[in-house]
$ cat start.cif   # mmCIF, C-alpha atoms and all ligand atoms
data_model
loop_
_atom_site.label_atom_id
_atom_site.label_comp_id
_atom_site.auth_asym_id
_atom_site.auth_seq_id
_atom_site.Cartn_x
_atom_site.Cartn_y
_atom_site.Cartn_z
CA MET I 1 0.00 0.00 0.00
CA LYS I 2 1.39 3.40 -1.00
CA ILE I 3 0.13 6.10 1.33
CA GLY I 4 -0.21 9.85 1.01
CA LEU I 5 -0.18 11.05 4.62
CA LEU I 6 -1.85 14.37 5.46
CA GLY I 7 -0.65 15.88 8.74
CA PHE I 8 2.27 15.19 11.09
CA GLY I 9 0.79 16.14 14.48
CA THR I 10 0.08 13.89 17.47
CA VAL I 11 -1.59 11.09 15.48
CA GLY I 12 0.13 11.73 12.12
CA SER I 13 3.66 11.42 13.54
CA ALA I 14 2.73 8.25 15.49
CA PHE I 15 1.14 6.79 12.34
CA TYR I 16 4.32 7.62 10.39
CA THR I 17 6.39 5.59 12.90
CA LEU I 18 3.99 2.62 12.93
CA ALA I 19 3.52 2.54 9.15
CA ARG I 20 7.26 2.60 8.52
CA GLU I 21 7.69 -0.41 10.83
CA CYS I 22 4.92 -2.32 9.04
CA PRO I 23 5.93 -4.49 6.05
CA GLY I 24 3.90 -3.67 2.94
CA THR I 25 3.01 -0.09 3.86
CA GLU I 26 4.97 2.82 2.49
CA ILE I 27 4.53 6.54 3.17
CA ALA I 28 5.00 7.70 -0.42
CA ARG I 29 4.51 11.39 0.36
CA LEU I 30 3.71 13.54 3.39
CA LEU I 31 1.66 16.73 3.23
CA VAL I 32 2.94 19.40 5.65
CA LEU I 33 2.48 23.12 6.09
CA GLU I 34 6.26 23.54 6.25
CA LYS I 35 8.92 20.93 5.46
CA LEU I 36 9.88 18.95 8.59
CA PRO I 37 13.45 17.73 9.30
CA GLN I 38 12.13 14.96 11.59
CA ALA I 39 10.25 13.19 8.77
CA ASP I 40 12.55 11.16 6.55
CA CYS I 41 10.28 10.77 3.49
CA ALA I 42 9.19 12.76 0.43
CA GLN I 43 7.31 15.86 1.61
CA THR I 44 5.13 18.42 -0.07
CA THR I 45 3.17 21.50 0.90
CA ASP I 46 0.86 21.07 -2.12
CA PHE I 47 -1.93 18.47 -1.93
CA ALA I 48 -1.96 18.28 -5.76
CA ASP I 49 1.34 16.35 -5.53
CA ILE I 50 -0.51 13.63 -3.64
CA VAL I 51 -3.87 13.58 -5.40
CA ASN I 52 -2.23 13.56 -8.86
CA ASP I 53 0.31 10.85 -8.00
CA PRO I 54 -1.01 7.62 -9.59
CA ALA I 55 1.30 5.52 -7.41
CA ILE I 56 -0.51 6.58 -4.23
CA ASP I 57 -3.53 4.31 -3.61
CA THR I 58 -4.56 5.48 -0.12
CA VAL I 59 -4.78 8.89 1.53
CA VAL I 60 -4.56 8.98 5.33
CA GLU I 61 -6.07 12.25 6.58
CA LEU I 62 -4.80 13.31 10.02
CA ILE I 63 -4.99 17.09 9.91
CA GLY I 64 -8.44 17.31 11.55
CA GLY I 65 -11.20 19.94 11.27
CA LEU I 66 -13.69 20.44 8.45
CA HIS I 67 -11.59 22.43 5.99
CA PRO I 68 -9.43 21.74 4.07
CA ALA I 69 -9.86 18.11 5.24
CA TYR I 70 -13.22 17.89 3.39
CA GLU I 71 -11.72 19.15 0.11
CA PHE I 72 -8.71 16.81 0.42
CA VAL I 73 -10.74 13.71 1.29
CA THR I 74 -13.36 14.21 -1.43
CA ALA I 75 -10.69 15.00 -4.06
CA ALA I 76 -8.77 11.88 -3.05
CA MET I 77 -11.85 9.66 -3.45
CA LYS I 78 -12.74 11.31 -6.78
CA ALA I 79 -9.21 10.45 -7.91
CA GLY I 80 -9.90 6.79 -7.06
CA LYS I 81 -7.93 6.67 -3.81
CA ASN I 82 -9.01 4.97 -0.59
CA VAL I 83 -9.34 7.25 2.44
CA VAL I 84 -8.59 6.50 6.08
CA THR I 85 -9.25 9.23 8.62
CA ALA I 86 -9.56 9.78 12.37
CA ASN I 87 -11.55 12.96 11.81
CA LYS I 88 -14.87 12.55 13.68
CA GLN I 89 -15.87 16.15 12.98
CA LEU I 90 -15.64 15.64 9.22
CA VAL I 91 -17.13 12.16 8.99
CA CYS I 92 -19.98 13.02 11.35
CA ALA I 93 -20.89 16.26 9.54
CA CYS I 94 -20.68 14.74 6.03
CA TYR I 95 -21.50 11.08 6.72
CA ASP I 96 -23.99 10.47 3.90
CA GLU I 97 -22.06 12.43 1.33
CA LEU I 98 -18.71 10.76 2.06
CA VAL I 99 -20.07 7.21 2.21
CA THR I 100 -22.08 7.76 -1.01
CA LEU I 101 -19.00 9.14 -2.75
CA ALA I 102 -16.87 6.19 -1.60
CA GLU I 103 -19.51 3.77 -2.95
CA LYS I 104 -19.78 5.64 -6.26
CA GLN I 105 -16.01 5.72 -6.73
CA GLY I 106 -15.55 2.10 -5.62
CA VAL I 107 -12.99 3.12 -3.00
CA ALA I 108 -12.73 2.37 0.71
CA LEU I 109 -13.50 4.91 3.43
CA ARG I 110 -12.69 3.95 6.99
CA CYS I 111 -12.60 5.94 10.22
CA THR I 112 -12.25 3.46 13.10
CA ALA I 113 -10.04 5.86 15.10
CA ALA I 114 -12.71 8.59 14.91
CA ALA I 115 -14.59 7.08 17.88
CA GLY I 116 -12.75 5.52 20.79
CA GLY I 117 -9.21 6.54 19.66
CA GLY I 118 -7.27 3.32 20.20
CA ILE I 119 -10.28 1.09 20.86
CA PRO I 120 -11.44 -0.86 17.78
CA TRP I 121 -15.03 0.10 18.63
CA LEU I 122 -16.55 1.05 15.25
CA HIS I 123 -14.86 -1.93 13.62
CA SER I 124 -16.24 -4.35 16.24
CA LEU I 125 -19.67 -2.74 16.05
CA ALA I 126 -19.77 -3.14 12.27
CA ARG I 127 -18.74 -6.81 12.50
CA LEU I 128 -21.52 -7.51 14.95
CA THR I 129 -24.20 -5.83 12.83
CA ALA I 130 -23.58 -8.50 10.20
CA CYS I 131 -24.84 -11.23 12.53
CA ASP I 132 -26.99 -9.60 15.22
CA ARG I 133 -29.36 -6.68 15.79
CA VAL I 134 -27.72 -3.99 17.91
CA THR I 135 -30.33 -2.14 20.01
CA ALA I 136 -28.27 0.27 22.13
CA VAL I 137 -24.83 1.92 22.28
CA SER I 138 -23.54 3.99 25.17
CA GLY I 139 -20.56 4.89 27.26
CA ILE I 140 -17.75 7.21 28.17
CA MET I 141 -16.66 8.43 24.73
CA ASN I 142 -14.60 11.46 25.74
CA GLY I 143 -11.33 11.15 27.66
CA THR I 144 -10.95 14.85 28.52
CA THR I 145 -14.18 15.04 30.51
CA ASN I 146 -13.49 11.69 32.13
CA TYR I 147 -10.10 12.97 33.27
CA ILE I 148 -11.66 16.15 34.73
CA LEU I 149 -14.50 14.29 36.50
CA SER I 150 -12.11 11.62 37.87
CA ALA I 151 -9.75 14.30 39.23
CA MET I 152 -12.63 16.25 40.81
CA THR I 153 -13.84 13.03 42.46
CA ASP I 154 -10.36 12.04 43.72
CA GLN I 155 -9.29 15.46 44.98
CA GLY I 156 -12.51 17.33 45.74
CA THR I 157 -11.20 20.23 43.65
CA GLU I 158 -13.13 22.62 41.39
CA TYR I 159 -13.84 22.16 37.66
CA ALA I 160 -11.71 25.12 36.51
CA ASP I 161 -8.58 23.85 38.34
CA ASN I 162 -8.88 20.45 36.74
CA LEU I 163 -9.60 21.83 33.28
CA ARG I 164 -6.34 23.85 33.54
CA GLU I 165 -4.46 20.71 34.60
CA ALA I 166 -6.02 18.73 31.72
CA GLN I 167 -4.80 21.44 29.32
CA ARG I 168 -1.31 21.36 30.88
CA LEU I 169 -1.16 17.55 30.43
CA GLY I 170 -2.34 17.77 26.81
CA TYR I 171 -5.70 16.02 27.51
CA ALA I 172 -7.68 19.19 26.75
CA GLU I 173 -7.27 21.65 23.91
CA ALA I 174 -6.77 25.40 24.40
CA ASP I 175 -10.44 25.79 23.41
CA PRO I 176 -12.04 22.92 25.35
CA THR I 177 -15.63 23.64 24.24
CA ALA I 178 -16.12 20.58 22.01
CA ASP I 179 -15.00 18.25 24.80
CA VAL I 180 -16.57 19.80 27.90
CA GLU I 181 -19.92 20.68 26.30
CA GLY I 182 -20.31 17.13 24.97
CA TYR I 183 -20.05 17.88 21.23
CA ASP I 184 -17.04 15.59 20.72
CA ALA I 185 -18.85 12.70 22.44
CA CYS I 186 -21.94 13.53 20.37
CA ARG I 187 -20.02 13.12 17.09
CA LYS I 188 -18.71 9.73 18.22
CA LEU I 189 -22.23 8.76 19.26
CA VAL I 190 -23.67 9.76 15.86
CA LEU I 191 -21.06 7.62 14.04
CA SER I 192 -21.78 4.72 16.42
CA VAL I 193 -25.55 5.07 15.93
CA ASN I 194 -25.25 5.24 12.15
CA ILE I 195 -23.15 2.09 12.01
CA ALA I 196 -24.98 0.19 14.78
CA PHE I 197 -28.50 0.79 13.46
CA GLY I 198 -27.82 1.22 9.70
CA VAL I 199 -29.24 4.75 9.79
CA SER I 200 -28.21 8.34 9.28
CA ILE I 201 -29.12 10.76 12.08
CA PRO I 202 -28.40 14.49 12.08
CA GLU I 203 -25.82 15.58 14.68
CA ALA I 204 -27.92 18.69 15.46
CA GLU I 205 -30.84 16.55 16.71
CA VAL I 206 -28.82 14.97 19.53
CA PRO I 207 -29.13 17.08 22.72
CA CYS I 208 -25.83 17.63 24.55
CA PHE I 209 -25.42 18.76 28.13
CA GLY I 210 -21.78 18.85 29.22
CA ILE I 211 -19.83 19.27 32.44
CA SER I 212 -18.74 22.93 32.39
CA GLY I 213 -21.40 23.80 35.02
CA ILE I 214 -20.36 21.15 37.57
CA ALA I 215 -19.09 22.25 41.00
CA ALA I 216 -17.05 20.52 43.71
CA ALA I 217 -20.22 20.69 45.87
CA ASP I 218 -22.09 18.53 43.30
CA ILE I 219 -19.33 15.91 43.42
CA ALA I 220 -19.41 15.97 47.25
CA ALA I 221 -23.21 15.43 47.17
CA PHE I 222 -22.77 12.46 44.77
CA LYS I 223 -20.12 10.96 47.06
CA ARG I 224 -22.45 11.12 50.06
CA LEU I 225 -24.95 9.08 47.99
CA GLY I 226 -22.30 6.53 46.95
CA LEU I 227 -22.34 7.77 43.34
CA VAL I 228 -19.79 8.97 40.78
CA CYS I 229 -20.44 11.24 37.81
CA LYS I 230 -19.46 10.39 34.22
CA LEU I 231 -20.25 12.13 30.91
CA ILE I 232 -22.23 9.53 28.96
CA ALA I 233 -23.23 9.37 25.31
CA HIS I 234 -26.24 7.10 24.97
CA ALA I 235 -28.53 5.92 22.16
CA GLU I 236 -31.11 3.19 21.80
CA LEU I 237 -33.61 2.03 19.23
CA THR I 238 -37.20 2.93 20.11
CA GLU I 239 -40.56 2.05 18.53
CA ASN I 240 -40.51 5.24 16.47
CA GLY I 241 -36.84 5.73 15.76
CA VAL I 242 -33.89 6.39 17.98
CA ALA I 243 -33.42 8.10 21.36
CA ALA I 244 -30.01 9.71 21.79
CA CYS I 245 -28.33 12.23 24.06
CA VAL I 246 -25.09 13.24 25.77
CA GLU I 247 -25.38 14.06 29.48
CA PRO I 248 -23.69 13.56 32.85
CA MET I 249 -24.85 10.38 34.56
CA LEU I 250 -24.48 9.02 38.09
CA PHE I 251 -23.26 5.45 38.72
CA PRO I 252 -22.72 3.43 41.92
CA VAL I 253 -19.11 3.63 43.21
CA SER I 254 -19.01 -0.17 43.25
CA GLY I 255 -19.88 -0.55 39.53
CA GLN I 256 -17.75 -0.95 36.39
CA MET I 257 -18.22 2.65 35.23
CA ALA I 258 -16.76 4.07 38.45
CA HIS I 259 -13.48 2.27 37.74
CA ILE I 260 -12.89 3.93 34.35
CA ASN I 261 -10.69 6.84 35.36
CA GLY I 262 -8.41 9.43 33.78
CA PRO I 263 -8.64 9.81 30.00
CA ASP I 264 -9.85 6.23 29.40
CA ASN I 265 -13.08 5.33 27.58
CA LEU I 266 -15.60 2.55 28.16
CA ILE I 267 -18.05 1.98 25.32
CA SER I 268 -20.78 -0.65 25.38
CA LEU I 269 -23.40 -2.13 23.12
CA ARG I 270 -26.47 -4.24 23.62
CA ALA I 271 -27.55 -6.68 20.93
CA GLU I 272 -30.44 -9.12 20.76
CA ARG I 273 -28.43 -12.33 20.62
CA VAL I 274 -25.00 -11.57 22.11
CA GLY I 275 -26.39 -9.40 24.93
CA ALA I 276 -24.11 -6.73 26.41
CA GLN I 277 -20.50 -6.17 25.36
CA SER I 278 -18.05 -3.50 26.54
CA PHE I 279 -14.80 -2.15 25.14
CA ALA I 280 -12.39 -0.22 27.35
CA GLY I 281 -9.03 1.43 26.79
CA ALA I 282 -7.20 4.52 25.62
CA GLY I 283 -9.74 6.78 23.94
CA ALA I 284 -7.02 9.09 22.63
CA GLY I 285 -3.25 9.50 22.32
CA GLY I 286 -0.90 9.35 19.35
CA PHE I 287 0.07 5.67 19.24
CA PRO I 288 -3.27 4.14 20.35
CA THR I 289 -5.15 6.23 17.76
CA ALA I 290 -2.53 5.64 15.04
CA SER I 291 -2.74 1.88 15.59
CA ASN I 292 -6.44 1.97 14.68
CA VAL I 293 -5.62 4.08 11.60
CA LEU I 294 -2.97 1.56 10.52
CA ALA I 295 -5.34 -1.37 11.18
CA ASP I 296 -7.86 0.29 8.82
CA CYS I 297 -5.14 0.57 6.15
CA LEU I 298 -4.17 -3.07 6.55
CA GLU I 299 -7.81 -4.18 6.28
CA ILE I 300 -8.21 -2.21 3.06
CA ALA I 301 -5.01 -3.79 1.70
CA ALA I 302 -6.44 -7.20 2.65
CA GLY I 303 -9.60 -6.47 0.64
CA CYS I 304 -12.00 -6.22 3.60
CA ALA I 305 -15.34 -4.40 3.29
CA PRO I 306 -14.73 -0.87 1.96
CA PHE I 307 -17.05 0.75 4.50
CA TYR I 308 -18.72 -0.45 7.67
CA ILE I 309 -22.31 -0.97 6.51
CA ALA I 310 -24.32 -0.50 3.32
CA GLU I 311 -27.60 0.73 4.86
CA ARG I 312 -28.24 4.41 5.71
CA ARG I 313 -31.94 5.00 6.54
CA PRO I 314 -32.56 8.64 7.46
CA LEU I 315 -33.97 8.68 11.00
CA SER I 316 -35.04 11.35 13.48
CA VAL I 317 -34.00 11.51 17.11
CA GLY I 318 -36.87 11.50 19.66
CA ASN I 319 -36.28 11.63 23.41
CA ASP I 320 -39.85 11.57 24.74
CA GLY I 321 -39.98 7.86 25.55
CA LEU I 322 -37.03 7.69 27.95
CA ARG I 323 -37.99 8.86 31.48
CA GLN I 324 -35.37 8.85 34.21
CA ARG I 325 -34.51 10.41 37.55
CA TYR I 326 -32.27 13.50 37.45
CA TYR I 327 -30.21 15.29 40.07
CA VAL I 328 -30.92 18.99 39.39
CA ARG I 329 -29.01 21.86 41.04
CA THR I 330 -29.97 25.50 40.58
CA ASP I 331 -29.57 28.72 42.60
CA ALA I 332 -32.36 27.43 44.82
CA GLY I 333 -30.45 24.25 45.78
CA ALA I 334 -30.41 20.63 44.64
CA ASP I 335 -33.31 18.24 44.21
CA SER I 336 -34.29 15.09 42.36
CA ARG I 337 -36.82 15.06 39.49
CA LEU I 338 -38.35 12.42 37.26
CA MET I 339 -38.23 13.75 33.66
CA THR I 340 -38.04 12.54 30.09
CA VAL I 341 -34.69 13.17 28.40
CA ARG I 342 -36.42 15.77 26.22
CA GLU I 343 -37.82 17.62 29.26
CA ALA I 344 -34.47 17.54 31.06
CA HIS I 345 -32.54 18.99 28.12
CA ALA I 346 -35.23 21.63 27.52
CA LEU I 347 -34.86 22.67 31.18
CA ALA I 348 -31.07 22.84 30.80
CA ALA I 349 -31.44 24.98 27.65
CA GLU I 350 -33.78 27.37 29.49
CA TYR I 351 -31.26 27.95 32.31
CA LYS I 352 -28.42 28.31 29.78
CA ASN I 353 -30.36 30.92 27.78
CA ASN I 354 -31.03 32.86 30.98
CA GLN I 355 -27.36 32.46 31.99
CA GLN I 356 -28.40 31.07 35.37
CA PRO I 357 -26.35 28.48 37.31
CA PHE I 358 -27.55 24.95 36.57
CA PHE I 359 -26.26 21.41 36.64
CA MET I 360 -28.04 18.14 36.09
CA ALA I 361 -27.09 14.47 35.98
CA ALA I 362 -29.25 11.47 35.20
CA VAL I 363 -29.23 8.65 37.73
CA ALA I 364 -28.29 5.41 35.97
CA GLU I 365 -30.75 2.57 36.45
CA GLU I 366 -29.50 -0.29 38.64
CA LYS I 367 -28.92 -3.34 36.41
N1 LIG Y 1 -5.04 13.26 19.35
C1 LIG Y 1 -5.82 12.22 19.60
O1 LIG Y 1 -5.65 11.54 20.62
C2 LIG Y 1 -6.92 11.84 18.66
C3 LIG Y 1 -7.75 10.77 18.97
C4 LIG Y 1 -8.76 10.39 18.06
C5 LIG Y 1 -8.92 11.10 16.90
N2 LIG Y 1 -8.11 12.17 16.64
C6 LIG Y 1 -8.31 12.89 15.39
O2 LIG Y 1 -7.13 12.79 14.61
C7 LIG Y 1 -6.98 13.96 13.82
C8 LIG Y 1 -5.60 14.56 14.09
O3 LIG Y 1 -5.52 14.88 15.47
P1 LIG Y 1 -4.13 15.30 16.15
O4 LIG Y 1 -4.38 15.24 17.61
O5 LIG Y 1 -3.01 14.54 15.56
O6 LIG Y 1 -4.06 16.83 15.71
P2 LIG Y 1 -2.76 17.77 15.67
O7 LIG Y 1 -1.75 17.29 16.65
O8 LIG Y 1 -3.23 19.16 15.76
O9 LIG Y 1 -2.16 17.46 14.21
C9 LIG Y 1 -2.68 18.00 13.04
C10 LIG Y 1 -1.50 18.34 12.19
O10 LIG Y 1 -1.94 18.69 10.89
C11 LIG Y 1 -1.23 19.86 10.48
N3 LIG Y 1 -2.00 20.55 9.47
C12 LIG Y 1 -3.07 21.38 9.63
N4 LIG Y 1 -3.52 21.79 8.45
C13 LIG Y 1 -2.73 21.24 7.51
C14 LIG Y 1 -2.67 21.30 6.10
N5 LIG Y 1 -3.53 22.04 5.40
N6 LIG Y 1 -1.71 20.61 5.46
C15 LIG Y 1 -0.83 19.86 6.14
N7 LIG Y 1 -0.81 19.75 7.50
C16 LIG Y 1 -1.77 20.45 8.15
C17 LIG Y 1 -1.04 20.66 11.75
O11 LIG Y 1 0.02 21.57 11.62
P3 LIG Y 1 0.11 22.85 12.62
O12 LIG Y 1 0.24 22.27 14.00
O13 LIG Y 1 1.31 23.56 12.16
O14 LIG Y 1 -1.18 23.60 12.45
C18 LIG Y 1 -0.70 19.53 12.74
O15 LIG Y 1 0.66 19.20 12.73
C19 LIG Y 1 -8.15 14.88 14.19
O16 LIG Y 1 -9.19 14.71 13.27
C20 LIG Y 1 -8.57 14.36 15.57
O17 LIG Y 1 -9.94 14.61 15.86
C21 LIG Y 1 -7.11 12.55 17.48
#

$ encode --input "start.cif" --output "structure tokens" --more "lines below"
Ligand SMILES: NC(=O)c1ccc[n+]([C@@H]2O[C@H](COP(=O)([O-])OP(=O)(O)OC[C@H]3O[C@@H](n4cnc5c(N)ncnc54)[C@H](OP(=O)(O)O)[C@@H]3O)[C@@H](O)[C@H]2O)c1
Amino acid sequence: MKIGLLGFGTVGSAFYTLARECPGTEIARLLVLEKLPQADCAQTTDFADIVNDPAIDTVVELIGGLHPAYEFVTAAMKAGKNVVTANKQLVCACYDELVTLAEKQGVALRCTAAAGGGIPWLHSLARLTACDRVTAVSGIMNGTTNYILSAMTDQGTEYADNLREAQRLGYAEADPTADVEGYDACRKLVLSVNIAFGVSIPEAEVPCFGISGIAAADIAAFKRLGLVCKLIAHAELTENGVAACVEPMLFPVSGQMAHINGPDNLISLRAERVGAQSFAGAGAGGFPTASNVLADCLEIAAGCAPFYIAERRPLSVGNDGLRQRYYVRTDAGADSRLMTVREAHALAAEYKNNQQPFFMAAVAEEK
């Protein structure tokens, strides 16, 4: 396999190392913004040198963001090249278009590292859909928020202190909005839902409530109740479609969820015949993520399925059917309320619009 590699950042540089150690894969050319002395391969600052090179069969996109990643990925597929990417933002926003283009061009498009970083989650999910009906996907899909919540629970410290520490350690970006408000987890959830249920749901229909409003006093209250807080992305098939949301959730300290700490992820599925399955591990990081990118490349070289699933039924998200108990804290104090997911997120939006203090967390059902 001759690869055109786009980007030499955290994941790109790790992929470069892994690919060069792997027999049969060659980095034919690397796209950079400025030539890099640390990369010992042909480099270019012009994507045309990659897309017009007939020897390159696969483009690995690791620059991130929507643009110019979208233009590069679509041009590569139009030129008959396979694409492997870890870019959840791009694949989630343009899911239908990119999969349709890959099918039309007869090329492969894979993005296993886009959800779960180093965990082969999307790959495993797709395999299972071939032989069972998946009915729910859920879990800790964002390492940054899990690090912050774990640190707050361990140390009793405030959110802002732990966000700063997460940024210092490289777990959180300078602008942490996508992570802490739940948008990053939402994108991973949308990809998981699309693959698990053979559908296509719009990212904008999934309500997200993140952790930026949490206080040390909330964590202390959870501890007194024997509970820990995690940011959970959840979706399940319903009679009318799919219910999906991202929100903080409270779990017993003795349960499996409570033991997933730091930047790790735990992602689970429920299927009719195999029952429940969980996947845990490094949800981010250069080498874990790059290993999933390389595994996608090797599967393409081995002639495996070009994309995860063929079916893409458009489906709406509806959160009226799922009623659960919520911890709700406002200026007036904390209480517990039974609400549907739709009602809870509408309440959160009302407080946000009025710029009033608010935090909520769903109480996970005992299983
Ligand atoms: N990091 C993780 O743990 C992780 C986990 C899962 C998925 N991902 C995904 O993997 C992708 C890459 O993430 P990352 O953490 O490796 O990001 P990163 O460290 O910021 O690397 C991106 C690299 O691409 C370069 N770049 C930007 N625009 C470019 C262009 N037009 N041409 C050539 N190079 C360009 C950047 O250069 P400058 O720095 O000079 O701008 C940077 O070196 C993203 O889609 C991310 O969501 C990352």

$ residues_near_ligand --input "start.cif" --ligand "ligand LIG 1 (chain Y)" --cutoff "7 Å" --atoms "only C-alpha atoms and all ligand atoms" --output "number ranges by chain"
I: 6-12, 31-33, 45, 62-65, 68, 86-89, 113-117, 283-286, 289

$ closest_residue --input "start.cif" --among "I:Val274, I:Ala172, I:Ala346, I:Leu5" --to "Asn82 in chain I" --atoms "all atoms listed in the file"
I:Leu5

$ residues_near_point --input "start.cif" --point "(-33.6, 16.4, 39.3)" --cutoff "7 Å" --atoms "all atoms listed in the file" --output "list in words"
Arg325, Tyr326, Tyr327, Val328, Asp335, Ser336, Arg337, Leu338 and Met360 of chain I

$ residues_around --input "start.cif" --residues "Ala136 in chain I" --least-positions-apart "6" --cutoff "9 Å" --atoms "only C-alpha atoms" --output "VMD selection string"
chain I and resid 193 196 to 197 234 to 237 268 to 271

$ residues_near_point --input "start.cif" --point "(-17.9, 16.7, 11.8)" --cutoff "12 Å" --atoms "all atoms listed in the file" --output "PyMOL selection string"
chain I and resi 64-67+69-70+85-96+98+114-115+178+183-191+202-204

$ atom_distance --input "start.cif" --atom1 "CA of Glu299 in chain I" --atom2 "CA of Ala19 in chain I"
13.5 Å

$ closest_residue --input "start.cif" --among "I:Trp121, I:Phe209, I:Phe251, I:Phe358" --to "Leu225 in chain I" --atoms "only C-alpha atoms"
I:Phe251

$ closest_residue --input "start.cif" --among "I:Ala215, I:Leu18, I:Ile119, I:Met257" --to "Asp161 in chain I" --atoms "only C-alpha atoms"
I:Ala215

$ residues_around --input "start.cif" --residues "Leu298 in chain I" --least-positions-apart "5" --cutoff "10 Å" --atoms "only C-alpha atoms" --output "ChimeraX atom specification"
/I:1,19,22,24-25,292-293,303-304

$ closest_residue --input "start.cif" --among "I:Asn261, I:Gln355, I:Ser316, I:Gln324" --to "Met249 in chain I" --atoms "all atoms listed in the file"
I:Gln324

$ closest_residue --input "start.cif" --among "I:Ile195, I:Ile232, I:Leu347, I:Ala55" --to "Arg127 in chain I" --atoms "all atoms listed in the file"
I:Ile195

$ decode --input "start.cif" --residues "range 63-118 of chain I" --atoms "C-alpha atoms" --output "PDB file, in the first residue's frame"
ATOM      1  CA  ILE I  63      -4.990  17.093   9.907  1.00  0.00           C
ATOM      2  CA  GLY I  64      -8.443  17.307  11.553  1.00  0.00           C
ATOM      3  CA  GLY I  65     -11.200  19.941  11.269  1.00  0.00           C
ATOM      4  CA  LEU I  66     -13.689  20.436   8.445  1.00  0.00           C
ATOM      5  CA  HIS I  67     -11.585  22.435   5.987  1.00  0.00           C
ATOM      6  CA  PRO I  68      -9.428  21.744   4.066  1.00  0.00           C
ATOM      7  CA  ALA I  69      -9.860  18.113   5.235  1.00  0.00           C
ATOM      8  CA  TYR I  70     -13.216  17.894   3.391  1.00  0.00           C
ATOM      9  CA  GLU I  71     -11.724  19.152   0.107  1.00  0.00           C
ATOM     10  CA  PHE I  72      -8.708  16.809   0.421  1.00  0.00           C
ATOM     11  CA  VAL I  73     -10.744  13.709   1.293  1.00  0.00           C
ATOM     12  CA  THR I  74     -13.357  14.210  -1.431  1.00  0.00           C
ATOM     13  CA  ALA I  75     -10.695  14.996  -4.061  1.00  0.00           C
ATOM     14  CA  ALA I  76      -8.767  11.877  -3.053  1.00  0.00           C
ATOM     15  CA  MET I  77     -11.845   9.658  -3.450  1.00  0.00           C
ATOM     16  CA  LYS I  78     -12.744  11.306  -6.779  1.00  0.00           C
ATOM     17  CA  ALA I  79      -9.205  10.452  -7.911  1.00  0.00           C
ATOM     18  CA  GLY I  80      -9.901   6.791  -7.058  1.00  0.00           C
ATOM     19  CA  LYS I  81      -7.926   6.669  -3.810  1.00  0.00           C
ATOM     20  CA  ASN I  82      -9.006   4.967  -0.590  1.00  0.00           C
ATOM     21  CA  VAL I  83      -9.338   7.248   2.437  1.00  0.00           C
ATOM     22  CA  VAL I  84      -8.590   6.499   6.078  1.00  0.00           C
ATOM     23  CA  THR I  85      -9.251   9.232   8.616  1.00  0.00           C
ATOM     24  CA  ALA I  86      -9.561   9.777  12.369  1.00  0.00           C
ATOM     25  CA  ASN I  87     -11.548  12.963  11.807  1.00  0.00           C
ATOM     26  CA  LYS I  88     -14.874  12.551  13.676  1.00  0.00           C
ATOM     27  CA  GLN I  89     -15.871  16.149  12.982  1.00  0.00           C
ATOM     28  CA  LEU I  90     -15.639  15.642   9.225  1.00  0.00           C
ATOM     29  CA  VAL I  91     -17.132  12.157   8.993  1.00  0.00           C
ATOM     30  CA  CYS I  92     -19.985  13.017  11.347  1.00  0.00           C
ATOM     31  CA  ALA I  93     -20.891  16.260   9.539  1.00  0.00           C
ATOM     32  CA  CYS I  94     -20.681  14.741   6.026  1.00  0.00           C
ATOM     33  CA  TYR I  95     -21.501  11.081   6.723  1.00  0.00           C
ATOM     34  CA  ASP I  96     -23.993  10.473   3.899  1.00  0.00           C
ATOM     35  CA  GLU I  97     -22.060  12.426   1.329  1.00  0.00           C
ATOM     36  CA  LEU I  98     -18.715  10.762   2.058  1.00  0.00           C
ATOM     37  CA  VAL I  99     -20.072   7.210   2.206  1.00  0.00           C
ATOM     38  CA  THR I 100     -22.078   7.764  -1.007  1.00  0.00           C
ATOM     39  CA  LEU I 101     -18.998   9.145  -2.752  1.00  0.00           C
ATOM     40  CA  ALA I 102     -16.874   6.189  -1.599  1.00  0.00           C
ATOM     41  CA  GLU I 103     -19.506   3.774  -2.951  1.00  0.00           C
ATOM     42  CA  LYS I 104     -19.777   5.643  -6.265  1.00  0.00           C
ATOM     43  CA  GLN I 105     -16.012   5.718  -6.730  1.00  0.00           C
ATOM     44  CA  GLY I 106     -15.548   2.101  -5.618  1.00  0.00           C
ATOM     45  CA  VAL I 107     -12.989   3.116  -3.004  1.00  0.00           C
ATOM     46  CA  ALA I 108     -12.735   2.369   0.714  1.00  0.00           C
ATOM     47  CA  LEU I 109     -13.496   4.907   3.426  1.00  0.00           C
ATOM     48  CA  ARG I 110     -12.691   3.946   6.994  1.00  0.00           C
ATOM     49  CA  CYS I 111     -12.596   5.944  10.221  1.00  0.00           C
ATOM     50  CA  THR I 112     -12.246   3.464  13.102  1.00  0.00           C
ATOM     51  CA  ALA I 113     -10.043   5.856  15.103  1.00  0.00           C
ATOM     52  CA  ALA I 114     -12.705   8.591  14.910  1.00  0.00           C
ATOM     53  CA  ALA I 115     -14.587   7.085  17.875  1.00  0.00           C
ATOM     54  CA  GLY I 116     -12.745   5.518  20.792  1.00  0.00           C
ATOM     55  CA  GLY I 117      -9.212   6.540  19.662  1.00  0.00           C
ATOM     56  CA  GLY I 118      -7.271   3.316  20.201  1.00  0.00           C
TER      57      GLY I 118
END
